[in-house]
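> run35.tsv is reproduced in full below (TSV, C-alpha atoms).
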chain	number	residue	atom	x	y	z
A	1	MET	CA	-12.41	-3.53	-71.01
A	2	GLU	CA	-15.23	-5.41	-69.29
A	3	ASN	CA	-16.89	-8.26	-71.15
A	4	GLN	CA	-19.43	-11.08	-70.84
A	5	LEU	CA	-17.16	-13.79	-72.19
A	6	LYS	CA	-16.92	-15.84	-69.00
A	7	VAL	CA	-20.71	-15.83	-68.56
A	8	LEU	CA	-21.38	-16.66	-72.21
A	9	ARG	CA	-18.85	-19.49	-72.06
A	10	ALA	CA	-20.32	-20.86	-68.82
A	11	MET	CA	-23.84	-20.78	-70.32
A	12	ARG	CA	-22.62	-23.14	-73.02
A	13	ASN	CA	-20.64	-25.30	-70.60
A	14	TRP	CA	-17.43	-24.73	-72.55
A	15	SER	CA	-14.00	-24.79	-71.01
A	16	GLN	CA	-11.50	-22.04	-71.86
A	17	ALA	CA	-9.63	-24.56	-73.99
A	18	GLU	CA	-12.76	-25.47	-75.93
A	19	LEU	CA	-13.61	-21.84	-76.60
A	20	ALA	CA	-9.99	-21.28	-77.63
A	21	ASP	CA	-10.28	-24.14	-80.13
A	22	ARG	CA	-13.49	-22.70	-81.57
A	23	LEU	CA	-11.79	-19.32	-82.00
A	24	ASP	CA	-8.48	-20.87	-83.12
A	25	VAL	CA	-6.53	-19.00	-80.46
A	26	SER	CA	-4.57	-20.15	-77.41
A	27	ARG	CA	-6.21	-20.85	-74.04
A	28	GLN	CA	-4.07	-18.05	-72.61
A	29	ALA	CA	-5.70	-15.63	-75.06
A	30	VAL	CA	-9.19	-16.59	-73.85
A	31	ASN	CA	-8.11	-16.27	-70.22
A	32	ALA	CA	-6.51	-12.86	-70.85
A	33	ILE	CA	-9.67	-11.56	-72.54
A	34	GLU	CA	-11.94	-12.92	-69.78
A	35	THR	CA	-9.87	-11.31	-67.04
A	36	GLY	CA	-9.70	-7.99	-68.90
A	37	LYS	CA	-5.92	-8.12	-69.30
A	38	TYR	CA	-6.15	-8.11	-73.05
A	39	ASP	CA	-8.60	-6.50	-75.47
A	40	PRO	CA	-9.01	-8.63	-78.60
A	41	SER	CA	-8.32	-7.35	-82.08
A	42	LEU	CA	-11.30	-6.34	-84.21
A	43	PRO	CA	-11.21	-9.56	-86.30
A	44	LEU	CA	-11.22	-11.65	-83.10
A	45	ALA	CA	-14.04	-9.55	-81.62
A	46	PHE	CA	-16.10	-10.16	-84.78
A	47	LYS	CA	-15.30	-13.88	-84.52
A	48	LEU	CA	-16.61	-13.85	-80.94
A	49	GLY	CA	-19.75	-12.02	-82.05
A	50	ARG	CA	-20.44	-14.60	-84.76
A	51	LEU	CA	-19.73	-17.51	-82.40
A	52	PHE	CA	-22.16	-16.27	-79.75
A	53	ASP	CA	-24.56	-14.77	-82.32
A	54	MET	CA	-24.35	-11.37	-80.62
A	55	ARG	CA	-23.19	-7.87	-81.51
A	56	ILE	CA	-19.69	-6.90	-80.33
A	57	GLU	CA	-21.08	-4.19	-78.03
A	58	GLU	CA	-23.30	-6.78	-76.35
A	59	ILE	CA	-20.21	-8.79	-75.41
A	60	PHE	CA	-17.81	-5.94	-74.64
A	61	ASP	CA	-18.40	-2.78	-72.62
A	62	ASP	CA	-15.94	0.07	-73.09
A	63	GLY	CA	-17.62	2.12	-70.34
A	64	PHE	CA	-18.81	4.82	-72.76
A	65	ASN	CA	-22.36	5.90	-72.02
A	66	GLY	CA	-22.83	8.28	-74.93
A	67	GLY	CA	-21.85	11.36	-72.92
A	68	ASN	CA	-25.02	11.22	-70.82
A	69	ASP	CA	-23.32	11.75	-67.47
A	70	GLU	CA	-25.81	14.38	-66.29
B	71	MET	CA	-26.90	-31.94	-75.57
B	72	THR	CA	-23.80	-29.87	-75.06
B	73	VAL	CA	-20.70	-31.99	-74.70
B	74	SER	CA	-17.40	-30.52	-73.61
B	75	THR	CA	-14.52	-31.63	-75.78
B	76	GLU	CA	-11.96	-30.44	-73.21
B	77	ALA	CA	-11.37	-34.03	-72.39
B	78	MET	CA	-12.93	-37.04	-74.00
B	79	MET	CA	-13.11	-40.30	-72.11
B	80	SER	CA	-11.74	-43.27	-73.97
B	81	ASP	CA	-13.04	-46.83	-73.62
B	82	ALA	CA	-10.43	-47.56	-70.99
B	83	GLY	CA	-11.66	-44.63	-68.93
B	84	LYS	CA	-8.53	-42.61	-69.56
B	85	VAL	CA	-8.70	-38.93	-70.46
B	86	ALA	CA	-7.82	-38.52	-74.11
B	87	LYS	CA	-6.13	-35.31	-75.22
B	88	ARG	CA	-7.93	-33.00	-77.62
B	89	PRO	CA	-6.67	-33.19	-81.21
B	90	MET	CA	-4.23	-30.42	-82.03
B	91	SER	CA	-5.46	-27.70	-84.40
B	92	PRO	CA	-3.31	-26.92	-87.46
B	93	ARG	CA	-2.39	-23.58	-85.85
B	94	ARG	CA	-1.14	-25.26	-82.68
B	95	LYS	CA	0.77	-27.83	-84.76
B	96	ARG	CA	2.54	-25.05	-86.67
B	97	TYR	CA	3.25	-23.29	-83.37
B	98	PHE	CA	4.94	-26.30	-81.80
B	99	ILE	CA	6.80	-27.13	-85.02
B	100	ALA	CA	8.26	-23.59	-84.98
B	101	LEU	CA	9.30	-23.89	-81.32
B	102	GLY	CA	10.68	-27.40	-81.90
B	103	LEU	CA	12.72	-26.30	-84.90
B	104	ALA	CA	14.12	-23.30	-83.02
B	105	GLY	CA	15.04	-25.55	-80.08
B	106	LEU	CA	16.59	-28.13	-82.40
B	107	PHE	CA	18.71	-25.55	-84.26
B	108	GLY	CA	19.78	-23.95	-80.97
B	109	GLY	CA	20.62	-27.30	-79.38
B	110	VAL	CA	22.65	-28.48	-82.38
B	111	LEU	CA	24.53	-25.17	-82.53
B	112	GLY	CA	25.25	-25.13	-78.80
B	113	ALA	CA	26.49	-28.73	-78.75
B	114	TRP	CA	28.57	-28.20	-81.91
B	115	MET	CA	30.11	-25.04	-80.45
B	116	GLN	CA	30.97	-26.82	-77.22
B	117	ILE	CA	32.70	-29.62	-79.15
B	118	SER	CA	34.47	-27.25	-81.55
B	119	GLN	CA	35.92	-24.78	-79.09
B	120	ASN	CA	39.69	-24.62	-78.82
B	121	ALA	CA	40.77	-26.64	-75.79
B	122	GLU	CA	43.77	-24.35	-75.12
B	123	HIS	CA	41.61	-21.26	-74.79
B	124	SER	CA	38.63	-23.04	-73.32
B	125	THR	CA	37.01	-21.53	-70.26
B	126	GLY	CA	34.41	-24.23	-69.88
B	127	PHE	CA	31.00	-23.35	-71.28
B	128	ALA	CA	31.51	-22.28	-74.90
B	129	MET	CA	28.44	-20.03	-75.04
B	130	LEU	CA	29.94	-17.79	-72.33
B	131	SER	CA	33.35	-17.58	-73.94
B	132	ASN	CA	34.99	-15.30	-76.51
B	133	SER	CA	37.72	-17.83	-77.25
B	134	PRO	CA	38.69	-18.47	-80.93
B	135	LEU	CA	36.58	-20.90	-82.95
B	136	PRO	CA	37.48	-22.92	-86.06
B	137	ALA	CA	36.52	-21.25	-89.36
B	138	ASN	CA	34.52	-24.30	-90.51
B	139	PHE	CA	32.36	-24.09	-87.41
B	140	ALA	CA	31.92	-20.33	-87.70
B	141	ILE	CA	30.73	-20.54	-91.32
B	142	GLY	CA	28.43	-23.50	-90.67
B	143	ALA	CA	27.01	-22.08	-87.45
B	144	SER	CA	26.30	-18.67	-88.93
B	145	ILE	CA	24.45	-20.26	-91.88
B	146	ILE	CA	22.42	-22.56	-89.58
B	147	TRP	CA	21.59	-19.60	-87.31
B	148	VAL	CA	20.36	-17.31	-90.10
B	149	VAL	CA	18.49	-19.97	-92.12
B	150	GLY	CA	17.14	-21.71	-89.02
B	151	MET	CA	15.89	-18.49	-87.47
B	152	ILE	CA	14.22	-17.34	-90.70
B	153	VAL	CA	12.43	-20.69	-91.19
B	154	SER	CA	11.36	-20.90	-87.52
B	155	LEU	CA	10.18	-17.29	-87.43
B	156	VAL	CA	8.13	-17.58	-90.62
B	157	ILE	CA	6.33	-20.66	-89.23
B	158	TYR	CA	5.97	-19.00	-85.80
B	159	HIS	CA	4.40	-15.82	-87.16
B	160	ARG	CA	1.95	-17.86	-89.26
B	161	ALA	CA	0.93	-19.77	-86.13
B	162	VAL	CA	0.58	-17.18	-83.34
B	163	ASP	CA	-2.75	-15.63	-82.36
B	164	ASP	CA	-3.04	-11.89	-81.83
B	165	HIS	CA	-2.68	-12.17	-78.03
B	166	GLU	CA	0.76	-13.72	-78.46
B	167	GLU	CA	1.60	-11.39	-81.34
B	168	ARG	CA	1.03	-8.48	-78.96
B	169	ALA	CA	3.21	-10.11	-76.29
B	170	TYR	CA	5.89	-10.72	-78.94
B	171	LEU	CA	5.80	-7.11	-80.16
B	172	TRP	CA	6.05	-5.61	-76.66
B	173	ALA	CA	8.80	-8.09	-75.73
B	174	GLY	CA	10.67	-7.11	-78.90
B	175	THR	CA	10.27	-3.43	-78.05
B	176	ALA	CA	11.60	-3.99	-74.51
B	177	GLY	CA	14.56	-5.95	-75.91
B	178	TRP	CA	15.28	-3.17	-78.41
B	179	TYR	CA	15.14	-0.54	-75.63
B	180	THR	CA	17.67	-2.63	-73.67
B	181	ILE	CA	20.07	-2.45	-76.63
B	182	THR	CA	19.31	1.25	-77.22
B	183	LEU	CA	20.10	2.12	-73.60
B	184	ALA	CA	23.05	-0.20	-73.00
B	185	SER	CA	25.06	0.02	-76.25
B	186	PRO	CA	25.77	3.76	-76.51
B	187	ALA	CA	26.31	4.15	-72.75
B	188	TRP	CA	28.79	1.27	-72.63
B	189	TRP	CA	30.49	2.48	-75.85
B	190	VAL	CA	31.19	6.02	-74.60
B	191	LEU	CA	32.30	4.73	-71.17
B	192	ALA	CA	34.70	2.32	-72.91
B	193	ARG	CA	36.10	5.12	-75.11
B	194	ALA	CA	36.76	7.18	-72.00
B	195	GLY	CA	38.61	4.23	-70.44
B	196	LEU	CA	35.97	3.83	-67.75
B	197	ALA	CA	34.71	0.41	-68.89
B	198	PRO	CA	36.04	-2.59	-70.81
B	199	PRO	CA	35.30	-2.69	-74.56
B	200	ALA	CA	31.60	-3.14	-75.32
B	201	ASP	CA	30.68	-6.82	-75.71
B	202	ALA	CA	28.04	-7.27	-78.41
B	203	MET	CA	27.06	-10.77	-77.28
B	204	LEU	CA	26.64	-9.67	-73.67
B	205	ILE	CA	24.30	-6.88	-74.79
B	206	PHE	CA	22.45	-9.36	-77.01
B	207	ALA	CA	22.10	-11.79	-74.09
B	208	GLY	CA	20.79	-8.99	-71.85
B	209	ALA	CA	18.25	-7.95	-74.49
B	210	LEU	CA	17.18	-11.59	-74.89
B	211	VAL	CA	16.62	-11.97	-71.13
B	212	VAL	CA	14.48	-8.81	-71.06
B	213	ASN	CA	12.63	-9.97	-74.18
B	214	CYS	CA	11.86	-13.40	-72.65
B	215	ALA	CA	10.76	-11.92	-69.31
B	216	VAL	CA	8.31	-9.48	-70.94
B	217	TRP	CA	6.97	-12.13	-73.33
B	218	LEU	CA	6.36	-14.64	-70.51
B	219	TRP	CA	4.71	-11.98	-68.34
B	220	LEU	CA	2.34	-10.79	-71.06
B	221	LYS	CA	1.45	-14.30	-72.24
B	222	TYR	CA	1.03	-16.11	-68.90
B	223	ARG	CA	0.22	-13.51	-66.23
Go ahead and express the file in the form of structure tokens.

Amino acid sequence: MENQLKVLRAMRNWSQAELADRLDVSRQAVNAIETGKYDPSLPLAFKLGRLFDMRIEEIFDDGFNGGNDE
Amino acid sequence: MTVSTEAMMSDAGKVAKRPMSPRRKRYFIALGLAGLFGGVLGAWMQISQNAEHSTGFAMLSNSPLPANFAIGASIIWVVGMIVSLVIYHRAVDDHEERAYLWAGTAGWYTITLASPAWWVLARAGLAPPADAMLIFAGALVVNCAVWLWLKYR
């Protein structure tokens, strides 16, 4: 799943390790989410939303466009 | 002003490490305990193995062991693993939990595939008797490989 995590982190000048500390997860978890290799659990997605003061769907994009392909 | 706490410069100009969070402390305590129990058991087994039947490295042998060692080692293994695992599962984040679950599944599939196949081949006289520890070791290797891949790729 695509996400804005890397951009949001860079805007705050945080390293992956610092973001990991703020979320209380490992640096590998942050890296895996940023590179799209791992989709976070719902509690972690909410944590991210609260940390960046954004809605989950503003951070993550599941590629669903509401069925408006035409 | 936004200040990165990735590395804080001390007065001497050296890079100071970030303080460890309680979660990370629990994580490394669990790994340390597991390593300690394993190291003690391995060393004790090496010392205790019967010299007459010894084939060198005790962990790769099926030679007889003293009863005292067997009782003590089995208690340390079970208690040590339970304590380490409880601390570990309280410390891991959900990324590692996922890696752990998939690694466990892959290890279980290794046992599921190998055990019955080896068992029927042995009963037909086409293979030596099934070796539980060899199957366990194979499952552990698969488990570790999958866990490392999912956590660090």
> So how far away is CA of Ala17 in chain A from CA of Met151 in chain B, in Å?
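Here the two named atoms are 29.5 Å from each other.
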> Around (-14.8, -19.6, -72.5) in the file's own coordinates, what residues are found within 9 Å if you use all atoms listed in the file, given back as a PyMOL selection string?
chain A and resi 5-10+12-20+27+30-31+34
> Can you tell me, as a list in words, what residues are no more than 9 Å from Asn3 in chain A when counting only C-alpha atoms, ignoring any on the same chain fewer than 4 positions away?
Val7, Ile33, Glu34, Thr35, Gly36, Glu58, Ile59, Phe60, Asp61 and Asp62 of chain A
> Around all the atoms of range 27-46 of chain A listed in the file, draw an axis-aligned box and extend it by 3 Å on each of the six sides; I want its centre and edge lengths in Å to one decimal, as lines of an AutoDock Vina configuration file.

center_x = -10.1
center_y = -13.6
center_z = -76.7
size_x = 18.0
size_y = 20.5
size_z = 25.3
> Considering only C-alpha atoms, can you say which of B:Leu220, B:Leu135, B:Ile141, B:Ala192 comes closest to Ala32 in chain A?
B:Leu220
> One decimal, in Å: what's the spacing between CA of Leu210 in chain B and CA of Leu191 in chain B?
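That distance, rounded to one decimal, is 22.6 Å.
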> In Å to one decimal, how far is CA of Ile145 in chain B from CA of Arg168 in chain B?
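It comes out at 29.2 Å.
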> Find the residue from B:Leu204, B:Tyr179, B:Asp164, B:Phe139 that sits nearest to chain A; use only C-alpha atoms when measuring.
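Once distances to chain A are computed over only C-alpha atoms, the minimum belongs to B:Asp164.
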> Taking into account only C-alpha atoms, which residue in the set B:Tyr222, B:Trp147, B:Trp172, B:Trp189 is nearest to chain A?
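For chain A, the nearest of the given residues is B:Tyr222.
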> Please identify all polymer residues within 12 Å of Met203 in chain B, counting all atoms listed in the file, omitting same-chain residues fewer than 2 positions from it, and present them as a PyMOL selection string.
chain B and resi 129-132+181+185+199-201+205-210
> Would you output that residue set with C-alpha atoms, as a compact mmCIF listing (two decimals), in the frame of the given file?

# COMPACT_ATOMS: atom_id res chain seq x y z
CA MET B 129 28.44 -20.03 -75.04
CA LEU B 130 29.94 -17.79 -72.33
CA SER B 131 33.35 -17.58 -73.94
CA ASN B 132 34.99 -15.30 -76.51
CA ILE B 181 20.07 -2.45 -76.63
CA SER B 185 25.06 0.02 -76.25
CA PRO B 199 35.30 -2.69 -74.56
CA ALA B 200 31.60 -3.14 -75.32
CA ASP B 201 30.68 -6.82 -75.71
CA ILE B 205 24.30 -6.88 -74.79
CA PHE B 206 22.45 -9.36 -77.01
CA ALA B 207 22.10 -11.79 -74.09
CA GLY B 208 20.79 -8.99 -71.85
CA ALA B 209 18.25 -7.95 -74.49
CA LEU B 210 17.18 -11.59 -74.89
> Which one is closest to Ala140 in chain B: B:Thr182, B:Asn213, B:Ser154, B:Gln119? Count all atoms listed in the file.
B:Gln119
> From the options A:Ser26, A:Pro43, A:Tyr38, A:Gly63, which residue's atoms come nearest to Lys95 in chain B, counting all atoms listed in the file?
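Among the listed residues, the smallest separation from Lys95 in chain B belongs to A:Ser26.
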> Determine the nearest neighbour of Phe52 in chain A from the options A:Val25, A:Pro40, A:Gln4, A:Asn65, counting all atoms listed in the file.
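Once distances to Phe52 in chain A are computed over all atoms listed in the file, the minimum belongs to A:Gln4.
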> Excluding range 105-107 of chain B and residues on its chain fewer than 5 positions from it, collect all residues at most 12 Å away from it, counting all atoms listed in the file, and give them as a JSON list (two decimals) with C-alpha atoms, keeping the file's coordinate frame.

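Resulting contents of out-v1.json:
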[["chain", "number", "residue", "atom", "x", "y", "z"],
["B", 98, "PHE", "CA", 4.94, -26.30, -81.80],
["B", 99, "ILE", "CA", 6.80, -27.13, -85.02],
["B", 100, "ALA", "CA", 8.26, -23.59, -84.98],
["B", 112, "GLY", "CA", 25.25, -25.13, -78.80],
["B", 113, "ALA", "CA", 26.49, -28.73, -78.75],
["B", 114, "TRP", "CA", 28.57, -28.20, -81.91],
["B", 142, "GLY", "CA", 28.43, -23.50, -90.67],
["B", 143, "ALA", "CA", 27.01, -22.08, -87.45],
["B", 144, "SER", "CA", 26.30, -18.67, -88.93],
["B", 145, "ILE", "CA", 24.45, -20.26, -91.88],
["B", 146, "ILE", "CA", 22.42, -22.56, -89.58],
["B", 147, "TRP", "CA", 21.59, -19.60, -87.31],
["B", 148, "VAL", "CA", 20.36, -17.31, -90.10],
["B", 149, "VAL", "CA", 18.49, -19.97, -92.12],
["B", 150, "GLY", "CA", 17.14, -21.71, -89.02],
["B", 151, "MET", "CA", 15.89, -18.49, -87.47],
["B", 152, "ILE", "CA", 14.22, -17.34, -90.70],
["B", 153, "VAL", "CA", 12.43, -20.69, -91.19],
["B", 154, "SER", "CA", 11.36, -20.90, -87.52]]
> In file coordinates, which residues lie within 10 Å of (12.0, -14.1, -77.8) using only C-alpha atoms, given as an mmCIF file with C-alpha atoms, in the frame of the given file?

data_model
loop_
_atom_site.group_PDB
_atom_site.id
_atom_site.type_symbol
_atom_site.label_atom_id
_atom_site.label_comp_id
_atom_site.auth_asym_id
_atom_site.auth_seq_id
_atom_site.Cartn_x
_atom_site.Cartn_y
_atom_site.Cartn_z
ATOM 1 C CA ALA B 169 3.210 -10.110 -76.290
ATOM 2 C CA TYR B 170 5.890 -10.720 -78.940
ATOM 3 C CA LEU B 171 5.800 -7.110 -80.160
ATOM 4 C CA ALA B 173 8.800 -8.090 -75.730
ATOM 5 C CA GLY B 174 10.670 -7.110 -78.900
ATOM 6 C CA GLY B 177 14.560 -5.950 -75.910
ATOM 7 C CA ALA B 209 18.250 -7.950 -74.490
ATOM 8 C CA LEU B 210 17.180 -11.590 -74.890
ATOM 9 C CA VAL B 211 16.620 -11.970 -71.130
ATOM 10 C CA VAL B 212 14.480 -8.810 -71.060
ATOM 11 C CA ASN B 213 12.630 -9.970 -74.180
ATOM 12 C CA CYS B 214 11.860 -13.400 -72.650
ATOM 13 C CA ALA B 215 10.760 -11.920 -69.310
ATOM 14 C CA VAL B 216 8.310 -9.480 -70.940
ATOM 15 C CA TRP B 217 6.970 -12.130 -73.330
ATOM 16 C CA LEU B 218 6.360 -14.640 -70.510
#
> Can range 87-102 of chain B be brought up to N, CA and C atoms and written out as an mmCIF file, keeping the file's coordinate frame?

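See selection-v6.cif below for the written result:
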data_model
loop_
_atom_site.group_PDB
_atom_site.id
_atom_site.type_symbol
_atom_site.label_atom_id
_atom_site.label_comp_id
_atom_site.auth_asym_id
_atom_site.auth_seq_id
_atom_site.Cartn_x
_atom_site.Cartn_y
_atom_site.Cartn_z
ATOM 1 N N LYS B 87 -6.423 -36.708 -74.929
ATOM 2 C CA LYS B 87 -6.130 -35.310 -75.220
ATOM 3 C C LYS B 87 -6.896 -34.857 -76.453
ATOM 4 N N ARG B 88 -7.233 -33.537 -76.468
ATOM 5 C CA ARG B 88 -7.930 -33.000 -77.620
ATOM 6 C C ARG B 88 -6.991 -33.022 -78.825
ATOM 7 N N PRO B 89 -7.538 -33.237 -80.022
ATOM 8 C CA PRO B 89 -6.670 -33.190 -81.210
ATOM 9 C C PRO B 89 -6.115 -31.783 -81.388
ATOM 10 N N MET B 90 -4.873 -31.718 -81.867
ATOM 11 C CA MET B 90 -4.230 -30.420 -82.030
ATOM 12 C C MET B 90 -4.732 -29.738 -83.302
ATOM 13 N N SER B 91 -5.030 -28.446 -83.203
ATOM 14 C CA SER B 91 -5.460 -27.700 -84.400
ATOM 15 C C SER B 91 -4.229 -27.456 -85.277
ATOM 16 N N PRO B 92 -4.446 -27.201 -86.581
ATOM 17 C CA PRO B 92 -3.310 -26.920 -87.460
ATOM 18 C C PRO B 92 -2.456 -25.745 -86.963
ATOM 19 N N ARG B 93 -3.142 -24.730 -86.376
ATOM 20 C CA ARG B 93 -2.390 -23.580 -85.850
ATOM 21 C C ARG B 93 -1.446 -24.003 -84.734
ATOM 22 N N ARG B 94 -1.973 -24.813 -83.805
ATOM 23 C CA ARG B 94 -1.140 -25.260 -82.680
ATOM 24 C C ARG B 94 -0.003 -26.161 -83.156
ATOM 25 N N LYS B 95 -0.280 -26.976 -84.191
ATOM 26 C CA LYS B 95 0.770 -27.830 -84.760
ATOM 27 C C LYS B 95 1.907 -26.968 -85.309
ATOM 28 N N ARG B 96 1.519 -25.938 -86.091
ATOM 29 C CA ARG B 96 2.540 -25.050 -86.670
ATOM 30 C C ARG B 96 3.334 -24.372 -85.566
ATOM 31 N N TYR B 97 2.616 -23.987 -84.499
ATOM 32 C CA TYR B 97 3.250 -23.290 -83.370
ATOM 33 C C TYR B 97 4.339 -24.167 -82.740
ATOM 34 N N PHE B 98 3.976 -25.420 -82.458
ATOM 35 C CA PHE B 98 4.940 -26.300 -81.800
ATOM 36 C C PHE B 98 6.046 -26.758 -82.748
ATOM 37 N N ILE B 99 5.736 -26.831 -84.053
ATOM 38 C CA ILE B 99 6.800 -27.130 -85.020
ATOM 39 C C ILE B 99 7.831 -26.005 -85.017
ATOM 40 N N ALA B 100 7.347 -24.747 -84.993
ATOM 41 C CA ALA B 100 8.260 -23.590 -84.980
ATOM 42 C C ALA B 100 9.144 -23.608 -83.738
ATOM 43 N N LEU B 101 8.519 -23.855 -82.573
ATOM 44 C CA LEU B 101 9.300 -23.890 -81.320
ATOM 45 C C LEU B 101 10.279 -25.058 -81.332
ATOM 46 N N GLY B 102 9.821 -26.211 -81.835
ATOM 47 C CA GLY B 102 10.680 -27.400 -81.900
ATOM 48 C C GLY B 102 11.877 -27.178 -82.800
#
